[in-house]
Amino acid sequence: MPAPRQRSRSRRRVYKRTPGGRTVIHYEKKIPNWPKCGACGRRLNGVMRGRNVEMKNAPKSRKKVNRPYGGVLCPECARKLIKDKVRYMYWERKREQPWLPPLPSEEPPEPRE
Ligand SMILES: [Zn+2]
């Protein structure tokens with residue numbers, strides 16, 4: 001019988017089969033939810049899921065994807081953000097150098113953060 005503090009629902013129950021054939025319940029700490037994209041909330045691929053101590057001790061390559069905004073934004077949102085930033089930079093440059101070719105729309109693109 002585990003200690004009463006372990007039988008709380010704040011711990012998850014894992015059913016284990018012992019070598020003798022009995023099934024026992026192990027009370028383990030809960031695993032946090034999957035990391036989500038900061039813009040659309042989709043689940044991020046290539047990013048591990050773990051408690052703070054596990055995350056702290058894991059290598060960086062398991063916690064983020066090696067690209068700008070990796071581990072923060074999903075690839076679609078990162079692509080959109082980078083495109084918007086480049087378009088905004090071009091629009092700012094075009095204000096000073098009006099002979100540059102026009103943008104598809106002449107209105108300034110909204111910079112997304
Ligand atoms: Zn996203």
# chains A, B, ... in the order shown; residues from 1 in each chain; ligands from 1
$ select_by_dssp --residues "segment 19-101 of chain A" --states "strand (DSSP E or B)" --output "PyMOL selection string"
chain A and resi 23-29+36+43
$ residues_near_ligand --ligand "ligand 1" --cutoff "9 Å" --atoms "only C-alpha atoms and all ligand atoms" --output "ChimeraX atom specification"
/A:36-44,72-78
$ residues_around --residues "Leu103 of chain A" --least-positions-apart "6" --cutoff "10 Å" --atoms "only C-alpha atoms" --output "list in words"
Arg87, Tyr90, Trp91, Lys94 and Pro109 of chain A
$ select_by_dssp --residues "segment 5-86 of chain A" --states "helix (DSSP H, G or I)" --output "PyMOL selection string"
chain A and resi 5-7+52-57+60-63+75-86
$ residues_around --residues "segment 5-7 of chain A" --least-positions-apart "6" --cutoff "9 Å" --atoms "only C-alpha atoms" --output "MDAnalysis selection string"
chainID A and resid 13 27:28
$ write_last_selection --atoms "C-alpha atoms" --output "PDB file, in the first residue's frame"
ATOM      1  CA  ARG A  13      -1.459   5.865 -12.030  1.00  0.00           C
ATOM      2  CA  TYR A  27       2.072   6.468  -8.684  1.00  0.00           C
ATOM      3  CA  GLU A  28       4.160   8.698 -10.893  1.00  0.00           C
TER       4      GLU A  28
END
$ residues_around --residues "Ile25 of chain A" --least-positions-apart "4" --cutoff "9 Å" --atoms "only C-alpha atoms" --output "PDB file with C-alpha atoms, in the first residue's frame"
ATOM      1  CA  PRO A   2       1.534   3.295  -1.006  1.00  0.00           C
ATOM      2  CA  ARG A  13      -1.459   5.865 -12.030  1.00  0.00           C
ATOM      3  CA  VAL A  14       0.695   3.466 -14.015  1.00  0.00           C
ATOM      4  CA  TYR A  15      -0.315  -0.196 -13.977  1.00  0.00           C
ATOM      5  CA  LYS A  16       2.730  -2.452 -13.863  1.00  0.00           C
ATOM      6  CA  ARG A  17       2.841  -6.218 -14.146  1.00  0.00           C
TER       7      ARG A  17
END
$ closest_residue --among "A:Pro59, A:Pro102, A:Pro4, A:Gly50" --to "Pro35 of chain A" --atoms "only C-alpha atoms"
A:Gly50
$ residues_around --residues "Lys29 of chain A" --least-positions-apart "3" --cutoff "9 Å" --atoms "only C-alpha atoms" --output "PyMOL selection string"
chain A and resi 10-13+51
$ atom_distance --atom1 "atom CA of Lys56 of chain A" --atom2 "atom CA of Ala3 of chain A"
28.7 Å
$ closest_residue --among "A:Pro19, A:Glu110, A:Lys30, A:Arg49" --to "Lys85 of chain A" --atoms "only C-alpha atoms"
A:Glu110
$ atom_distance --atom1 "atom CA of Lys80 of chain A" --atom2 "atom CA of Trp34 of chain A"
22.6 Å
$ atom_distance --atom1 "atom CA of Tyr69 of chain A" --atom2 "atom CA of Asp84 of chain A"
14.2 Å
